[in-house]
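Participant: The following file, target_5.pdb, comprises PDB, C-alpha atoms:
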```
MODEL        1
ATOM      1  CA  MET A  26      28.856  47.797 117.784  1.00  0.00           C
ATOM      2  CA  GLU A  27      27.563  44.658 119.438  1.00  0.00           C
ATOM      3  CA  THR A  28      25.065  46.823 121.331  1.00  0.00           C
ATOM      4  CA  VAL A  29      23.706  48.161 118.026  1.00  0.00           C
ATOM      5  CA  CYS A  30      23.252  44.620 116.746  1.00  0.00           C
ATOM      6  CA  ARG A  31      21.427  43.656 119.958  1.00  0.00           C
ATOM      7  CA  THR A  32      19.129  46.677 119.609  1.00  0.00           C
ATOM      8  CA  LEU A  33      18.303  45.578 116.044  1.00  0.00           C
ATOM      9  CA  ALA A  34      17.518  42.088 117.333  1.00  0.00           C
ATOM     10  CA  GLU A  35      15.212  43.585 119.996  1.00  0.00           C
ATOM     11  CA  LEU A  36      13.353  45.611 117.381  1.00  0.00           C
ATOM     12  CA  VAL A  37      12.833  42.472 115.312  1.00  0.00           C
ATOM     13  CA  ALA A  38      11.671  40.468 118.339  1.00  0.00           C
ATOM     14  CA  GLU A  39       9.203  43.238 119.220  1.00  0.00           C
ATOM     15  CA  GLY A  40       7.798  43.214 115.684  1.00  0.00           C
ATOM     16  CA  ILE A  41       8.779  46.841 114.991  1.00  0.00           C
ATOM     17  CA  ILE A  42      11.112  45.665 112.228  1.00  0.00           C
ATOM     18  CA  GLU A  43       9.672  42.836 110.128  1.00  0.00           C
ATOM     19  CA  ASP A  44      12.886  42.106 108.259  1.00  0.00           C
ATOM     20  CA  TYR A  45      16.195  43.861 107.741  1.00  0.00           C
ATOM     21  CA  ALA A  46      19.695  43.523 106.378  1.00  0.00           C
ATOM     22  CA  ILE A  47      22.832  45.523 107.031  1.00  0.00           C
ATOM     23  CA  GLY A  48      24.138  47.007 103.774  1.00  0.00           C
ATOM     24  CA  GLY A  49      26.641  49.537 102.569  1.00  0.00           C
ATOM     25  CA  ALA A  50      30.276  49.703 103.575  1.00  0.00           C
ATOM     26  CA  THR A  51      29.636  48.052 106.953  1.00  0.00           C
ATOM     27  CA  ALA A  52      28.211  44.970 105.250  1.00  0.00           C
ATOM     28  CA  ALA A  53      31.121  44.908 102.804  1.00  0.00           C
ATOM     29  CA  GLY A  54      33.503  44.958 105.749  1.00  0.00           C
ATOM     30  CA  PHE A  55      32.040  41.681 107.040  1.00  0.00           C
ATOM     31  CA  TYR A  56      33.384  39.897 103.958  1.00  0.00           C
ATOM     32  CA  GLY A  57      36.754  41.585 103.725  1.00  0.00           C
ATOM     33  CA  GLU A  58      38.828  44.060 105.654  1.00  0.00           C
ATOM     34  CA  PRO A  59      36.813  47.007 107.044  1.00  0.00           C
ATOM     35  CA  ILE A  60      36.339  50.057 104.844  1.00  0.00           C
ATOM     36  CA  ALA A  61      36.235  53.550 106.330  1.00  0.00           C
ATOM     37  CA  THR A  62      32.597  54.453 106.931  1.00  0.00           C
ATOM     38  CA  ARG A  63      30.770  56.798 109.292  1.00  0.00           C
ATOM     39  CA  ASP A  64      27.533  54.941 109.764  1.00  0.00           C
ATOM     40  CA  ILE A  65      25.704  51.631 109.610  1.00  0.00           C
ATOM     41  CA  ASP A  66      23.169  51.340 106.786  1.00  0.00           C
ATOM     42  CA  VAL A  67      20.235  49.154 107.749  1.00  0.00           C
ATOM     43  CA  PHE A  68      17.701  48.344 105.041  1.00  0.00           C
ATOM     44  CA  ALA A  69      14.548  47.604 107.021  1.00  0.00           C
ATOM     45  CA  PHE A  70      10.931  46.649 106.462  1.00  0.00           C
ATOM     46  CA  VAL A  71       9.161  48.515 109.249  1.00  0.00           C
ATOM     47  CA  ALA A  72       5.726  47.394 110.456  1.00  0.00           C
ATOM     48  CA  GLN A  73       3.256  49.976 109.180  1.00  0.00           C
ATOM     49  CA  PRO A  74       0.272  51.360 111.127  1.00  0.00           C
ATOM     50  CA  PRO A  75      -3.042  50.226 109.575  1.00  0.00           C
ATOM     51  CA  SER A  76      -4.008  53.773 108.615  1.00  0.00           C
ATOM     52  CA  ALA A  77      -0.733  54.570 106.870  1.00  0.00           C
ATOM     53  CA  VAL A  78      -1.033  55.646 103.235  1.00  0.00           C
ATOM     54  CA  LEU A  79       2.692  56.102 102.690  1.00  0.00           C
ATOM     55  CA  ILE A  80       5.538  53.945 104.001  1.00  0.00           C
ATOM     56  CA  THR A  81       6.872  55.587 107.131  1.00  0.00           C
ATOM     57  CA  LEU A  82       9.742  54.978 109.533  1.00  0.00           C
ATOM     58  CA  GLU A  83       7.847  56.736 112.325  1.00  0.00           C
ATOM     59  CA  PRO A  84       6.921  53.589 114.318  1.00  0.00           C
ATOM     60  CA  LEU A  85      10.625  52.714 114.349  1.00  0.00           C
ATOM     61  CA  TYR A  86      11.754  56.154 115.518  1.00  0.00           C
ATOM     62  CA  VAL A  87       9.010  56.250 118.170  1.00  0.00           C
ATOM     63  CA  ARG A  88      10.195  52.926 119.586  1.00  0.00           C
ATOM     64  CA  LEU A  89      13.839  53.998 119.412  1.00  0.00           C
ATOM     65  CA  ALA A  90      12.954  57.184 121.312  1.00  0.00           C
ATOM     66  CA  GLU A  91      11.268  55.037 123.977  1.00  0.00           C
ATOM     67  CA  LYS A  92      14.532  53.115 124.259  1.00  0.00           C
ATOM     68  CA  GLY A  93      16.407  56.404 124.708  1.00  0.00           C
ATOM     69  CA  PHE A  94      17.705  56.946 121.165  1.00  0.00           C
ATOM     70  CA  SER A  95      16.453  60.190 119.718  1.00  0.00           C
ATOM     71  CA  GLU A  96      19.580  62.085 118.709  1.00  0.00           C
ATOM     72  CA  PHE A  97      20.576  62.251 115.061  1.00  0.00           C
ATOM     73  CA  ASP A  98      23.998  62.593 113.456  1.00  0.00           C
ATOM     74  CA  GLU A  99      23.308  63.664 109.872  1.00  0.00           C
ATOM     75  CA  GLU A 100      21.034  60.958 108.418  1.00  0.00           C
ATOM     76  CA  GLY A 101      21.773  58.408 111.105  1.00  0.00           C
ATOM     77  CA  ILE A 102      20.105  58.023 114.470  1.00  0.00           C
ATOM     78  CA  LEU A 103      22.685  57.563 117.231  1.00  0.00           C
ATOM     79  CA  ILE A 104      22.339  54.144 118.826  1.00  0.00           C
ATOM     80  CA  HIS A 105      24.930  53.550 121.539  1.00  0.00           C
ATOM     81  CA  GLY A 106      27.184  56.154 119.875  1.00  0.00           C
ATOM     82  CA  TYR A 107      26.918  54.723 116.337  1.00  0.00           C
ATOM     83  CA  PRO A 108      25.006  56.568 113.581  1.00  0.00           C
ATOM     84  CA  VAL A 109      22.513  54.098 112.129  1.00  0.00           C
ATOM     85  CA  GLN A 110      20.786  55.056 108.908  1.00  0.00           C
ATOM     86  CA  PHE A 111      17.539  53.172 108.426  1.00  0.00           C
ATOM     87  CA  ILE A 112      16.536  52.879 104.784  1.00  0.00           C
ATOM     88  CA  CYS A 113      13.275  51.587 103.316  1.00  0.00           C
ATOM     89  CA  PRO A 114      14.317  49.093 100.620  1.00  0.00           C
ATOM     90  CA  THR A 115      13.087  50.040  97.167  1.00  0.00           C
ATOM     91  CA  PRO A 116      11.154  47.423  95.161  1.00  0.00           C
ATOM     92  CA  GLY A 117      13.335  45.187  93.060  1.00  0.00           C
ATOM     93  CA  LEU A 118      17.028  44.932  93.790  1.00  0.00           C
ATOM     94  CA  GLU A 119      17.103  46.250  97.378  1.00  0.00           C
ATOM     95  CA  MET A 120      14.085  44.234  98.519  1.00  0.00           C
ATOM     96  CA  GLU A 121      15.595  41.119  96.989  1.00  0.00           C
ATOM     97  CA  ALA A 122      18.946  41.908  98.645  1.00  0.00           C
ATOM     98  CA  VAL A 123      17.244  42.026 102.051  1.00  0.00           C
ATOM     99  CA  LYS A 124      15.347  38.777 101.462  1.00  0.00           C
ATOM    100  CA  MET A 125      18.506  36.984 100.294  1.00  0.00           C
ATOM    101  CA  ALA A 126      20.751  38.363 103.036  1.00  0.00           C
ATOM    102  CA  GLN A 127      23.227  36.054 104.711  1.00  0.00           C
ATOM    103  CA  VAL A 128      22.640  35.243 108.371  1.00  0.00           C
ATOM    104  CA  MET A 129      25.776  35.428 110.494  1.00  0.00           C
ATOM    105  CA  SER A 130      25.402  33.900 113.911  1.00  0.00           C
ATOM    106  CA  TRP A 131      27.510  34.904 116.853  1.00  0.00           C
ATOM    107  CA  ASN A 132      26.830  34.027 120.485  1.00  0.00           C
ATOM    108  CA  ASP A 133      23.055  34.251 120.771  1.00  0.00           C
ATOM    109  CA  LEU A 134      22.786  36.856 118.044  1.00  0.00           C
ATOM    110  CA  ASP A 135      21.752  36.401 114.409  1.00  0.00           C
ATOM    111  CA  LEU A 136      22.761  39.214 112.085  1.00  0.00           C
ATOM    112  CA  LYS A 137      21.476  39.638 108.570  1.00  0.00           C
ATOM    113  CA  ILE A 138      24.112  40.987 106.200  1.00  0.00           C
ATOM    114  CA  MET A 139      23.573  41.702 102.509  1.00  0.00           C
ATOM    115  CA  ARG A 140      25.563  39.361 100.288  1.00  0.00           C
ATOM    116  CA  PRO A 141      28.563  40.849  98.451  1.00  0.00           C
ATOM    117  CA  GLU A 142      27.018  40.168  95.043  1.00  0.00           C
ATOM    118  CA  TYR A 143      23.987  42.277  95.963  1.00  0.00           C
ATOM    119  CA  LEU A 144      26.197  44.980  97.489  1.00  0.00           C
ATOM    120  CA  ALA A 145      28.066  45.151  94.191  1.00  0.00           C
ATOM    121  CA  ALA A 146      24.843  45.341  92.178  1.00  0.00           C
ATOM    122  CA  ILE A 147      23.520  48.115  94.421  1.00  0.00           C
ATOM    123  CA  ALA A 148      26.836  49.960  94.018  1.00  0.00           C
ATOM    124  CA  ILE A 149      26.385  49.827  90.245  1.00  0.00           C
ATOM    125  CA  LYS A 150      22.781  50.994  90.534  1.00  0.00           C
ATOM    126  CA  VAL A 151      23.599  53.924  92.852  1.00  0.00           C
ATOM    127  CA  GLY A 152      26.591  54.887  90.732  1.00  0.00           C
ATOM    128  CA  ARG A 153      28.565  57.306  92.909  1.00  0.00           C
ATOM    129  CA  THR A 154      32.312  57.720  92.529  1.00  0.00           C
ATOM    130  CA  LYS A 155      32.946  55.872  95.769  1.00  0.00           C
ATOM    131  CA  ASP A 156      30.730  53.020  94.550  1.00  0.00           C
ATOM    132  CA  ARG A 157      33.303  52.325  91.832  1.00  0.00           C
ATOM    133  CA  ALA A 158      36.001  51.790  94.440  1.00  0.00           C
ATOM    134  CA  ARG A 159      33.575  49.618  96.406  1.00  0.00           C
ATOM    135  CA  LEU A 160      32.811  47.530  93.321  1.00  0.00           C
ATOM    136  CA  ILE A 161      36.525  46.812  92.834  1.00  0.00           C
ATOM    137  CA  TYR A 162      36.848  45.869  96.501  1.00  0.00           C
ATOM    138  CA  LEU A 163      33.854  43.508  96.424  1.00  0.00           C
ATOM    139  CA  HIS A 164      34.672  41.973  93.046  1.00  0.00           C
ATOM    140  CA  GLU A 165      38.101  40.929  94.242  1.00  0.00           C
ATOM    141  CA  LEU A 166      36.973  39.272  97.485  1.00  0.00           C
ATOM    142  CA  PRO A 167      37.587  35.513  97.560  1.00  0.00           C
ATOM    143  CA  VAL A 168      33.949  34.955  98.643  1.00  0.00           C
ATOM    144  CA  PHE A 169      32.514  36.941  95.721  1.00  0.00           C
ATOM    145  CA  ASP A 170      30.301  34.666  93.598  1.00  0.00           C
ATOM    146  CA  ARG A 171      30.727  36.045  90.100  1.00  0.00           C
ATOM    147  CA  SER A 172      28.162  33.754  88.524  1.00  0.00           C
ATOM    148  CA  SER A 173      25.501  34.797  91.025  1.00  0.00           C
ATOM    149  CA  PHE A 174      26.482  38.448  90.543  1.00  0.00           C
ATOM    150  CA  LEU A 175      26.043  38.247  86.768  1.00  0.00           C
ATOM    151  CA  LYS A 176      22.569  36.723  87.204  1.00  0.00           C
ATOM    152  CA  ILE A 177      21.591  39.555  89.551  1.00  0.00           C
ATOM    153  CA  ILE A 178      22.920  42.155  87.103  1.00  0.00           C
ATOM    154  CA  GLU A 179      20.992  40.570  84.242  1.00  0.00           C
ATOM    155  CA  LYS A 180      17.764  40.304  86.249  1.00  0.00           C
ATOM    156  CA  HIS A 181      17.814  43.931  87.342  1.00  0.00           C
ATOM    157  CA  GLN A 182      18.770  45.450  83.991  1.00  0.00           C
ATOM    158  CA  LEU A 183      22.218  46.588  85.089  1.00  0.00           C
ATOM    159  CA  LYS A 184      24.206  44.702  82.471  1.00  0.00           C
ATOM    160  CA  ASP A 185      25.020  47.695  80.284  1.00  0.00           C
ATOM    161  CA  ARG A 186      26.232  49.824  83.165  1.00  0.00           C
ATOM    162  CA  TRP A 187      28.226  46.899  84.594  1.00  0.00           C
ATOM    163  CA  GLU A 188      30.004  46.367  81.276  1.00  0.00           C
ATOM    164  CA  SER A 189      30.733  50.064  80.979  1.00  0.00           C
ATOM    165  CA  TRP A 190      32.157  50.198  84.500  1.00  0.00           C
ATOM    166  CA  ALA A 191      34.072  46.942  84.120  1.00  0.00           C
ATOM    167  CA  GLN A 192      35.798  48.319  81.026  1.00  0.00           C
ATOM    168  CA  ALA A 193      36.677  51.580  82.758  1.00  0.00           C
ATOM    169  CA  LEU A 194      37.865  49.833  85.938  1.00  0.00           C
ATOM    170  CA  ASP A 195      39.724  47.045  84.127  1.00  0.00           C
ATOM    171  CA  LEU A 196      37.561  44.309  85.611  1.00  0.00           C
ATOM    172  CA  PRO A 197      36.777  41.127  83.688  1.00  0.00           C
ATOM    173  CA  TYR A 198      33.259  41.101  82.230  1.00  0.00           C
TER     174      TYR A 198
ATOM    175  CA  MET B   3      50.628  76.030 101.736  1.00  0.00           C
ATOM    176  CA  ASP B   4      47.643  73.864 102.723  1.00  0.00           C
ATOM    177  CA  VAL B   5      48.987  70.382 103.090  1.00  0.00           C
ATOM    178  CA  PHE B   6      45.841  68.706 104.437  1.00  0.00           C
ATOM    179  CA  PRO B   7      43.968  68.598 101.090  1.00  0.00           C
ATOM    180  CA  ILE B   8      47.093  67.266  99.396  1.00  0.00           C
ATOM    181  CA  ALA B   9      47.541  64.626 102.080  1.00  0.00           C
ATOM    182  CA  GLN B  10      43.885  63.702 101.754  1.00  0.00           C
ATOM    183  CA  ALA B  11      44.169  63.378  97.962  1.00  0.00           C
ATOM    184  CA  ILE B  12      47.239  61.177  98.315  1.00  0.00           C
ATOM    185  CA  TYR B  13      45.433  59.035 100.907  1.00  0.00           C
ATOM    186  CA  HIS B  14      42.403  58.510  98.628  1.00  0.00           C
ATOM    187  CA  ALA B  15      44.605  57.784  95.609  1.00  0.00           C
ATOM    188  CA  ARG B  16      46.526  55.194  97.612  1.00  0.00           C
ATOM    189  CA  MET B  17      43.264  53.661  98.833  1.00  0.00           C
ATOM    190  CA  LEU B  18      42.062  53.237  95.231  1.00  0.00           C
ATOM    191  CA  LEU B  19      45.378  51.721  94.186  1.00  0.00           C
ATOM    192  CA  PHE B  20      45.318  49.525  97.247  1.00  0.00           C
ATOM    193  CA  MET B  21      41.904  48.195  96.320  1.00  0.00           C
ATOM    194  CA  LYS B  22      43.206  47.140  92.907  1.00  0.00           C
ATOM    195  CA  GLN B  23      45.397  44.220  93.804  1.00  0.00           C
ATOM    196  CA  ASP B  24      47.608  44.801  90.776  1.00  0.00           C
ATOM    197  CA  ALA B  25      49.229  47.519  92.814  1.00  0.00           C
ATOM    198  CA  LEU B  26      50.065  45.174  95.652  1.00  0.00           C
ATOM    199  CA  PRO B  27      53.527  43.680  95.953  1.00  0.00           C
ATOM    200  CA  THR B  28      53.784  40.473  93.933  1.00  0.00           C
ATOM    201  CA  ARG B  29      54.721  38.554  97.087  1.00  0.00           C
ATOM    202  CA  GLY B  30      50.989  38.544  97.869  1.00  0.00           C
ATOM    203  CA  MET B  31      48.389  40.137 100.101  1.00  0.00           C
ATOM    204  CA  PRO B  32      49.787  41.768 103.235  1.00  0.00           C
ATOM    205  CA  GLN B  33      49.256  39.560 106.245  1.00  0.00           C
ATOM    206  CA  TRP B  34      47.210  42.140 108.098  1.00  0.00           C
ATOM    207  CA  ARG B  35      44.629  42.230 105.267  1.00  0.00           C
ATOM    208  CA  ALA B  36      44.332  38.452 105.180  1.00  0.00           C
ATOM    209  CA  LYS B  37      43.999  38.409 108.974  1.00  0.00           C
ATOM    210  CA  GLN B  38      41.259  41.043 108.996  1.00  0.00           C
ATOM    211  CA  ARG B  39      39.356  39.219 106.259  1.00  0.00           C
ATOM    212  CA  ASN B  40      39.305  35.974 108.191  1.00  0.00           C
ATOM    213  CA  LEU B  41      38.368  37.212 111.652  1.00  0.00           C
ATOM    214  CA  PRO B  42      35.584  35.414 113.528  1.00  0.00           C
ATOM    215  CA  VAL B  43      32.246  37.255 113.451  1.00  0.00           C
ATOM    216  CA  GLY B  44      32.538  38.627 116.981  1.00  0.00           C
ATOM    217  CA  GLU B  45      35.987  40.126 116.383  1.00  0.00           C
ATOM    218  CA  LYS B  46      34.854  41.436 113.001  1.00  0.00           C
ATOM    219  CA  ILE B  47      31.977  43.255 114.675  1.00  0.00           C
ATOM    220  CA  ASP B  48      34.429  44.846 117.140  1.00  0.00           C
ATOM    221  CA  LEU B  49      36.764  45.878 114.331  1.00  0.00           C
ATOM    222  CA  LEU B  50      33.925  47.357 112.279  1.00  0.00           C
ATOM    223  CA  GLY B  51      32.793  49.304 115.299  1.00  0.00           C
ATOM    224  CA  LYS B  52      36.293  50.704 115.813  1.00  0.00           C
ATOM    225  CA  THR B  53      36.498  51.634 112.129  1.00  0.00           C
ATOM    226  CA  ILE B  54      33.279  53.640 112.383  1.00  0.00           C
ATOM    227  CA  GLN B  55      34.449  55.434 115.519  1.00  0.00           C
ATOM    228  CA  GLU B  56      37.806  56.255 113.889  1.00  0.00           C
ATOM    229  CA  THR B  57      36.039  57.629 110.806  1.00  0.00           C
ATOM    230  CA  LEU B  58      33.826  59.815 113.011  1.00  0.00           C
ATOM    231  CA  ALA B  59      36.892  61.019 114.940  1.00  0.00           C
ATOM    232  CA  MET B  60      38.624  61.930 111.672  1.00  0.00           C
ATOM    233  CA  GLU B  61      35.549  63.914 110.631  1.00  0.00           C
ATOM    234  CA  ARG B  62      35.605  65.852 113.894  1.00  0.00           C
ATOM    235  CA  ILE B  63      39.277  66.685 113.349  1.00  0.00           C
ATOM    236  CA  LYS B  64      38.556  67.888 109.813  1.00  0.00           C
ATOM    237  CA  LYS B  65      35.717  70.094 111.028  1.00  0.00           C
ATOM    238  CA  VAL B  66      37.898  72.004 113.486  1.00  0.00           C
ATOM    239  CA  TRP B  67      41.003  72.103 111.294  1.00  0.00           C
ATOM    240  CA  LYS B  68      41.460  75.394 109.609  1.00  0.00           C
ATOM    241  CA  PRO B  69      44.050  75.987 106.929  1.00  0.00           C
ATOM    242  CA  SER B  70      46.774  78.359 108.019  1.00  0.00           C
ATOM    243  CA  VAL B  71      46.544  81.579 106.039  1.00  0.00           C
ATOM    244  CA  ALA B  72      49.656  83.592 105.333  1.00  0.00           C
ATOM    245  CA  PRO B  73      49.247  87.188 106.417  1.00  0.00           C
ATOM    246  CA  SER B  74      48.248  89.288 103.417  1.00  0.00           C
ATOM    247  CA  GLN B  75      50.825  91.676 102.166  1.00  0.00           C
ATOM    248  CA  ASN B  76      49.074  95.001 102.348  1.00  0.00           C
ATOM    249  CA  SER B  77      51.956  97.202 101.561  1.00  0.00           C
ATOM    250  CA  SER B  78      51.698  98.687  98.158  1.00  0.00           C
ATOM    251  CA  GLN B  79      54.950  99.314  96.474  1.00  0.00           C
ATOM    252  CA  LYS B  80      55.294 102.761  95.159  1.00  0.00           C
ATOM    253  CA  GLU B  81      57.451 103.307  92.213  1.00  0.00           C
ATOM    254  CA  SER B  82      60.413 105.365  93.019  1.00  0.00           C
TER     255      SER B  82
ENDMDL
END
```
What do you get writing this file as structure tokens?

Facilitator:
Amino acid sequence: METVCRTLAELVAEGIIEDYAIGGATAAGFYGEPIATRDIDVFAFVAQPPSAVLITLEPLYVRLAEKGFSEFDEEGILIHGYPVQFICPTPGLEMEAVKMAQVMSWNDLDLKIMRPEYLAAIAIKVGRTKDRARLIYLHELPVFDRSSFLKIIEKHQLKDRWESWAQALDLPY
Amino acid sequence: MDVFPIAQAIYHARMLLFMKQDALPTRGMPQWRAKQRNLPVGEKIDLLGKTIQETLAMERIKKVWKPSVAPSQNSSQKES
């Protein structure tokens, strides 16, 4: 997976990706023990061509193809054998989660990982069954900042759903 | 009898219980969990990579696994 991280760093250095953060189960695994997941979710702001009317990931896929990565496995593009799903962050919670991502440095590599409080808020917003299990996992991590999480929930109008889930999942709210 | 779906259901149920620490033994978190949580970044990246590859391998196994089907009993029993 180090090779995937280095490819991300190259794309940032080349200006193809303006900003990014790893999210989803892979990001959660950085803060706790790894969760079973099949791909790496990367929320990325991709540099747009001047004539673009809609946000497109095409410049990213073109550059990845030039680097030799053009095969897909479901929604993820295979980079060094790992499916990587690039996602355009939606305005609001996801964009904020990318901007506020934690930088983890290792050797000469800086990785941007979404913070657990934002991962939990996104889990509540997306609302799948597996997001409930992920919320429990994140909420019980020693590094989870509950105060920060509650502010995020309040800001992004997720308080009602959080309280409903917390009751159902027996989490303190 | 198809045991794979049952095994899968038990696995998921245990995972959910596992995530709720109430279900853990009162002597505390298993050492392996604490160790995995506190790995340095480089080792964590390696472990995450292995987790992804194992999940993909499990998917490939599931795709080729076919439930064993008992031969249908075609004989019709005629009343004597």

Participant: Quote the spacing between CA of Glu121 in chain A and CA of Tyr143 in chain A in Å to one decimal place.

Facilitator: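 Result for CA of Glu121 in chain A versus CA of Tyr143 in chain A: 8.5 Å, one decimal.
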
Participant: Using all atoms listed in the file, find the one residue out of B:Lys65, B:Gln33, B:Leu58, B:Glu45 that sits nearest to chain A.

Facilitator: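 Comparing B:Lys65, B:Gln33, B:Leu58, B:Glu45 against chain A, the winner is B:Leu58.
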
Participant: Show me, as a PyMOL selection string, the residues of chain B whose atoms get within 10 Å of chain A, using all atoms listed in the file for the distance check.

Facilitator: chain B and resi 17-23+34-61

Participant: Within 10 Å of range 170-178 of chain A, counting all atoms listed in the file, which residues show up once you throw out same-chain ones fewer than 5 positions away? Write them as a ChimeraX atom specification, please.

Facilitator: /A:118,121-122,140-147,149-150,163-165,183-187,198

Participant: Could you please take those selected residues and save C-alpha atoms as a compact mmCIF listing (two decimals), keeping the file's coordinate frame?

Facilitator:
```txt
# COMPACT_ATOMS: atom_id res chain seq x y z
CA LEU A 118 17.03 44.93 93.79
CA GLU A 121 15.60 41.12 96.99
CA ALA A 122 18.95 41.91 98.64
CA ARG A 140 25.56 39.36 100.29
CA PRO A 141 28.56 40.85 98.45
CA GLU A 142 27.02 40.17 95.04
CA TYR A 143 23.99 42.28 95.96
CA LEU A 144 26.20 44.98 97.49
CA ALA A 145 28.07 45.15 94.19
CA ALA A 146 24.84 45.34 92.18
CA ILE A 147 23.52 48.12 94.42
CA ILE A 149 26.38 49.83 90.24
CA LYS A 150 22.78 50.99 90.53
CA LEU A 163 33.85 43.51 96.42
CA HIS A 164 34.67 41.97 93.05
CA GLU A 165 38.10 40.93 94.24
CA LEU A 183 22.22 46.59 85.09
CA LYS A 184 24.21 44.70 82.47
CA ASP A 185 25.02 47.70 80.28
CA ARG A 186 26.23 49.82 83.16
CA TRP A 187 28.23 46.90 84.59
CA TYR A 198 33.26 41.10 82.23
```

Participant: State, in Å with one decimal place, the distance from CA of Gln192 in chain A to CA of Gly49 in chain A.

Facilitator: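 Separation between CA of Gln192 in chain A and CA of Gly49 in chain A: 23.4 Å.
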
Participant: Using CA of Glu100 in chain A and CA of Val128 in chain A as the two end points, give the distance in Å to one decimal.

Facilitator: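 If I compute the distance from CA of Glu100 in chain A to CA of Val128 in chain A, I get 25.8 Å.
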
Participant: Please, which residues are within 10 Å of (8.7, 46.4, 111.8) by the file's coordinates, counting only C-alpha atoms, and could they come as a list of chain:residue names?

Facilitator: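 Protein, DNA and RNA residues close to (8.7, 46.4, 111.8): A:Leu36, A:Val37, A:Ala38, A:Glu39, A:Gly40, A:Ile41, A:Ile42, A:Glu43, A:Asp44, A:Tyr45, A:Ala69, A:Phe70, A:Val71, A:Ala72, A:Gln73, A:Pro74, A:Leu82, A:Pro84, A:Leu85.
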
Participant: Emit as AutoDock Vina command-line options the padded axis-aligned box for all listed atoms of range 48-56 of chain B, 6 Å per side, with centre and edge lengths in Å to one decimal.

Facilitator:
```
--center_x 35.3 --center_y 50.6 --center_z 114.6 --size_x 17.0 --size_y 23.4 --size_z 17.0
```

Participant: Please evaluate the PyMOL selection byres ((chain A and resi 68) around 9) against the displayed coordinates and give the resulting residues as a PyMOL selection string.

Facilitator: chain A and resi 44-48+66-67+69-70+110-114+119-120+123

Participant: Any chance you could build range 150-154 of chain A out to all heavy atoms and write it as a short mmCIF file (atom, residue, chain, number, x, y, z; two decimals), in the coordinates of the input?

Facilitator:
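The resulting file, part.cif, is reproduced below:
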```
data_model
loop_
_atom_site.label_atom_id
_atom_site.label_comp_id
_atom_site.auth_asym_id
_atom_site.auth_seq_id
_atom_site.Cartn_x
_atom_site.Cartn_y
_atom_site.Cartn_z
N LYS A 150 24.05 50.27 90.71
CA LYS A 150 22.78 50.99 90.53
C LYS A 150 22.88 52.42 91.07
O LYS A 150 22.41 53.37 90.44
CB LYS A 150 21.66 50.24 91.25
CG LYS A 150 20.28 50.82 90.98
CD LYS A 150 19.20 49.99 91.63
CE LYS A 150 17.85 50.65 91.37
NZ LYS A 150 16.78 50.02 92.13
N VAL A 151 23.51 52.59 92.25
CA VAL A 151 23.60 53.92 92.85
C VAL A 151 24.55 54.81 92.06
O VAL A 151 24.27 55.97 91.78
CB VAL A 151 24.01 53.81 94.34
CG1 VAL A 151 24.19 55.19 94.95
CG2 VAL A 151 22.96 53.03 95.11
N GLY A 152 25.72 54.25 91.72
CA GLY A 152 26.59 54.89 90.73
C GLY A 152 27.42 56.07 91.17
O GLY A 152 27.83 56.87 90.35
N ARG A 153 27.70 56.20 92.49
CA ARG A 153 28.56 57.31 92.91
C ARG A 153 30.02 56.94 92.64
O ARG A 153 30.35 55.79 92.41
CB ARG A 153 28.39 57.58 94.41
CG ARG A 153 26.98 58.00 94.81
CD ARG A 153 26.79 57.86 96.30
NE ARG A 153 27.02 56.50 96.74
CZ ARG A 153 26.89 56.08 97.99
NH1 ARG A 153 26.54 56.96 98.94
NH2 ARG A 153 27.11 54.83 98.32
N THR A 154 30.88 57.97 92.74
CA THR A 154 32.31 57.72 92.53
C THR A 154 32.82 56.68 93.52
O THR A 154 33.56 55.76 93.16
CB THR A 154 33.11 59.03 92.70
OG1 THR A 154 32.56 60.02 91.83
CG2 THR A 154 34.58 58.82 92.36
#
```
